[in-house]
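Undergrad: Sharing a structure here in C-alpha cells format.
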Amino acid sequence: MVLSPLKRFMNVLRRKVWRASLAKALATGRVKVGANLQLNCPFFFQGPGRLVIGDNVVIGPSFWSADRITTFATRTSHAVVTVGNDVVLEGTRIGCQTSITIGDRCMIGEASIMDTDFHGLDPDQRFSDQMTRTEPVMLAEDVKVASDSFILRGVTLGAGVVVRPKSVVTKSIPAGLTVSGYPARPMRPADQKSQS
Amino acid sequence: MSFVRDARKTYSFLRQRPRYLFSVIIPHALRGTLIRLRYLFNPKITIGANFMPESRVRIMGPGKVRIGKNVSCFINSLEHVTIMTTNSEALVEIGDSVALGGVRILCARHVKIGSRTICGQSYISDVDFPDDSVDQAERIEVGEQCWLSGNVGLLKGSRLGRGSTLGVGAVLDGSSVGDYFLAIGNPARAVLKVR
C-alpha cells in the first residue's frame, strides 16, 4: 500500500505518541517488555498488577476499528499477565485478578480474556470478594482466538486450540480441538461428519 | 446530619486510597454536575443528585429520560453510555444507585431499569430499528439488583426479574426470566436458580 507523504508523516507522529504511552507504562516498573516489540496502537496498561511480555510480540488495534485497542487491566497487586514470544494481540481486552498466561505463537483477535467474574451471583453479595469466583486462565502454545469471543475464568486452552468467532469458552479445552458456540463445544473433525 | 454520616460511611475506603478522591471522585462529580446543569431547564430529562459519570454521556432524541439518585456511568469495553429515544412518547426510567457501564439504550415506548442494577456493556432496545413505529415496540423491564454482564442484549418485550443475572454474551429475545435466576445463551434461557 502506497501512502501519501502527509499520511506517512502522521504515522511517524502517531508512533511517537504510542511509544510515549509505552514509556509511561515502563516507568511504573511493573511492566517488562522483551526485544522487538511492534506497537501499532497506544499502550494501555491499568492497575497495580504486573505485566511480562516476551520477544517479537505484535500489539495492535482490532482489524475492524482503530479505536478498539489492546488493553491490559489488572485489578490487584498480585495479578500477573504473562505474554509469550511471537504472540499477536489485535484488540484483545485482558482483565486480570490473579494470573493470565498466554503461550508462545498465539494469535488473538478482538476477544475478551478475564480470570474473574467481577461480581457475585447472589444479588446481596455483588461486590464481595469472597463470593466472586476467580481462577487463573492459561492459553498454551499456538492457540488462535477469533474476534468477539470470550474466555472466562478457570479456562485452560491446550496447544493448538482454535476458538471460532462469537463463542464463549466456559470450560477447559484439550489440545488440538476447534471450538465454537455458546457455551463453546468442540466441533466434529471434517472427516467424521459424513459418518452420521 | 444523616447525610454526613452516609457520606463518611460511603467514602471510608479513602483512608487507604487517598488519591482516589482527586483522580476519580472529584472529576466525576464535577462532570456529573455539569451534565445536570445542562439539562436543568429541560423538562424532558431529569437527572438525580450525585450523578457520577466517568466519561461523556450521550442523551439524544425527543423522549423523556428519568435518571435516579447516585447513578454512576463507566466506559465498559471501550463503549460510552448512550441513551436514544425515537419519539416524544418514549420514556427511559433508570432507578437509584444504578451502575451503567457502556450501556446503549434505544427506546420507542418504555425502558425501565430497576434500582441497584449493575450493567456491563449491553444493548437494550425495545424496538428493532430506530425508524420503526411505536406499535412495533414492546416495553422492556429490568428488575432491581440485576446484573447485566458483558456483551449482553435485551431485545423488545423482554423482562428480567428481581436479582437475576444475564451471563456474558447472553441475548434475551422477547422472553421473560423470573426472580433470582442466572440466564445464559442466545436466546437466553434460565439455567440456575441462585436463591
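In the C-alpha cells, chains take letters A, B, ... by order of appearance, with residues numbered from 1 within each chain and ligands from 1 in the order shown.
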Using only C-alpha atoms, find which residues of chain B lie within 12 Å of chain A and jot them down as number ranges by chain.
TA: B: 76-79, 115-120, 143-151, 161-171, 179-189, 192-195
Undergrad: Pick out each residue of stretch 51-151 of chain A that DSSP on the backbone tags as strand (DSSP E or B); I need them as a ChimeraX atom specification.
TA: /A:51-53,58-60,71-74,80-83,88-90,93-96,99-102,107-108,112-114,116,134,137-139,144-145,150-151
Undergrad: With N, CA, C and O atoms retained, write the just-selected residues as a compact mmCIF listing (two decimals), in the first residue's frame.
TA:
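Wrote result_28.txt, looks like this:
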# COMPACT_ATOMS: atom_id res chain seq x y z
N LEU A 51 2.93 -7.01 34.39
CA LEU A 51 2.75 -7.47 33.00
C LEU A 51 4.11 -7.84 32.45
O LEU A 51 5.07 -7.06 32.55
N VAL A 52 4.24 -9.06 31.91
CA VAL A 52 5.50 -9.52 31.33
C VAL A 52 5.23 -9.89 29.88
O VAL A 52 4.38 -10.74 29.59
N ILE A 53 5.94 -9.26 28.94
CA ILE A 53 5.74 -9.51 27.51
C ILE A 53 7.04 -10.05 26.94
O ILE A 53 8.13 -9.54 27.24
N VAL A 58 3.51 -8.59 18.69
CA VAL A 58 2.81 -7.52 17.97
C VAL A 58 1.59 -7.14 18.77
O VAL A 58 0.76 -7.98 19.11
N ILE A 59 1.47 -5.88 19.13
CA ILE A 59 0.29 -5.38 19.84
C ILE A 59 -0.35 -4.33 18.97
O ILE A 59 0.28 -3.33 18.61
N GLY A 60 -1.60 -4.57 18.59
CA GLY A 60 -2.24 -3.63 17.67
C GLY A 60 -3.72 -3.47 17.96
O GLY A 60 -4.26 -4.12 18.84
N THR A 71 -5.99 -3.81 25.46
CA THR A 71 -5.92 -3.24 26.80
C THR A 71 -5.50 -4.32 27.80
O THR A 71 -5.93 -5.46 27.72
N PHE A 72 -4.65 -3.92 28.75
CA PHE A 72 -4.29 -4.80 29.86
C PHE A 72 -4.76 -4.12 31.13
O PHE A 72 -4.28 -3.04 31.47
N ALA A 73 -5.71 -4.72 31.83
CA ALA A 73 -6.19 -4.14 33.09
C ALA A 73 -5.94 -5.14 34.22
O ALA A 73 -6.33 -6.30 34.12
N THR A 74 -5.23 -4.72 35.25
CA THR A 74 -5.01 -5.57 36.42
C THR A 74 -5.74 -4.95 37.59
O THR A 74 -5.79 -3.73 37.73
N VAL A 80 -0.80 -11.07 37.67
CA VAL A 80 0.31 -11.16 36.72
C VAL A 80 -0.25 -11.57 35.36
O VAL A 80 -0.92 -12.59 35.24
N VAL A 81 0.04 -10.78 34.35
CA VAL A 81 -0.29 -11.15 32.97
C VAL A 81 1.01 -11.50 32.28
O VAL A 81 1.96 -10.71 32.29
N THR A 82 1.11 -12.72 31.72
CA THR A 82 2.33 -13.15 31.05
C THR A 82 2.01 -13.42 29.58
O THR A 82 1.10 -14.18 29.27
N VAL A 83 2.74 -12.79 28.69
CA VAL A 83 2.57 -12.98 27.26
C VAL A 83 3.86 -13.57 26.72
O VAL A 83 4.95 -13.05 26.99
N VAL A 88 0.67 -12.48 18.71
CA VAL A 88 -0.01 -11.37 18.03
C VAL A 88 -1.29 -11.07 18.79
O VAL A 88 -2.15 -11.93 18.95
N LEU A 89 -1.42 -9.86 19.30
CA LEU A 89 -2.64 -9.44 20.00
C LEU A 89 -3.25 -8.30 19.20
O LEU A 89 -2.62 -7.28 18.98
N GLU A 90 -4.50 -8.48 18.75
CA GLU A 90 -5.15 -7.43 17.96
C GLU A 90 -6.48 -7.07 18.60
O GLU A 90 -7.47 -7.76 18.41
N ARG A 93 -8.81 -7.63 24.92
CA ARG A 93 -9.03 -6.96 26.20
C ARG A 93 -8.82 -7.95 27.33
O ARG A 93 -9.48 -8.99 27.38
N ILE A 94 -7.87 -7.65 28.19
CA ILE A 94 -7.47 -8.58 29.23
C ILE A 94 -7.79 -7.97 30.59
O ILE A 94 -7.34 -6.86 30.89
N GLY A 95 -8.59 -8.66 31.39
CA GLY A 95 -8.88 -8.23 32.75
C GLY A 95 -8.37 -9.28 33.71
O GLY A 95 -8.77 -10.43 33.64
N CYS A 96 -7.45 -8.92 34.60
CA CYS A 96 -6.72 -9.91 35.38
C CYS A 96 -6.83 -9.63 36.87
O CYS A 96 -6.61 -8.50 37.30
N SER A 99 -3.98 -14.49 37.65
CA SER A 99 -2.94 -14.65 36.65
C SER A 99 -3.54 -15.08 35.32
O SER A 99 -4.45 -15.90 35.28
N ILE A 100 -3.02 -14.51 34.25
CA ILE A 100 -3.39 -14.90 32.89
C ILE A 100 -2.09 -15.18 32.15
O ILE A 100 -1.18 -14.35 32.15
N THR A 101 -1.97 -16.38 31.56
CA THR A 101 -0.76 -16.76 30.85
C THR A 101 -1.11 -17.03 29.39
O THR A 101 -2.03 -17.79 29.11
N ILE A 102 -0.40 -16.40 28.49
CA ILE A 102 -0.59 -16.62 27.06
C ILE A 102 0.70 -17.20 26.51
O ILE A 102 1.78 -16.61 26.68
N MET A 107 -2.25 -16.35 18.45
CA MET A 107 -2.82 -15.24 17.69
C MET A 107 -4.20 -14.97 18.25
O MET A 107 -5.08 -15.84 18.21
N ILE A 108 -4.39 -13.79 18.81
CA ILE A 108 -5.64 -13.49 19.50
C ILE A 108 -6.24 -12.23 18.90
O ILE A 108 -5.59 -11.20 18.79
N SER A 112 -12.20 -11.03 24.60
CA SER A 112 -12.03 -10.63 25.99
C SER A 112 -11.54 -11.83 26.78
O SER A 112 -12.14 -12.90 26.72
N ILE A 113 -10.46 -11.67 27.51
CA ILE A 113 -9.94 -12.73 28.36
C ILE A 113 -10.00 -12.21 29.78
O ILE A 113 -9.40 -11.18 30.09
N MET A 114 -10.75 -12.89 30.65
CA MET A 114 -10.80 -12.42 32.04
C MET A 114 -10.76 -13.62 32.97
O MET A 114 -11.33 -14.66 32.69
N THR A 116 -11.78 -13.52 36.15
CA THR A 116 -12.66 -13.29 37.29
C THR A 116 -14.06 -13.01 36.79
O THR A 116 -14.26 -12.67 35.63
N THR A 134 -12.89 -16.54 41.10
CA THR A 134 -11.69 -16.08 40.41
C THR A 134 -10.74 -17.25 40.26
O THR A 134 -10.34 -17.85 41.25
N VAL A 137 -6.33 -18.19 34.24
CA VAL A 137 -6.58 -18.59 32.85
C VAL A 137 -5.24 -18.92 32.21
O VAL A 137 -4.25 -18.21 32.44
N MET A 138 -5.17 -20.01 31.45
CA MET A 138 -3.93 -20.35 30.75
C MET A 138 -4.19 -20.69 29.30
O MET A 138 -5.06 -21.51 29.01
N LEU A 139 -3.46 -20.08 28.41
CA LEU A 139 -3.51 -20.41 26.99
C LEU A 139 -2.16 -21.02 26.63
O LEU A 139 -1.13 -20.39 26.84
N LYS A 144 -5.34 -20.05 18.68
CA LYS A 144 -5.91 -18.97 17.88
C LYS A 144 -7.29 -18.64 18.43
O LYS A 144 -8.12 -19.54 18.60
N VAL A 145 -7.53 -17.38 18.71
CA VAL A 145 -8.83 -16.94 19.22
C VAL A 145 -9.37 -15.89 18.27
O VAL A 145 -8.71 -14.89 18.02
N PHE A 150 -15.28 -14.74 24.03
CA PHE A 150 -14.95 -14.50 25.44
C PHE A 150 -14.28 -15.74 26.00
O PHE A 150 -14.70 -16.85 25.73
N ILE A 151 -13.25 -15.55 26.82
CA ILE A 151 -12.63 -16.66 27.54
C ILE A 151 -12.80 -16.35 29.01
O ILE A 151 -12.29 -15.34 29.51
Undergrad: Pick out the residues sitting within 9 Å of B:Glu89, and hand them over as a PyMOL selection string; count only C-alpha atoms, and ignore anything fewer than 4 positions along from it in its own chain.
TA: chain B and resi 62-64+85+108-110+134
Undergrad: Determine the nearest neighbour of A:Asp115 from the options A:Val163, A:Val169, A:Ala146, A:Ala25, counting only C-alpha atoms.
TA: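 Checking each of A:Val163, A:Val169, A:Ala146, A:Ala25 against A:Asp115, counting only C-alpha atoms, the winner is A:Val169.
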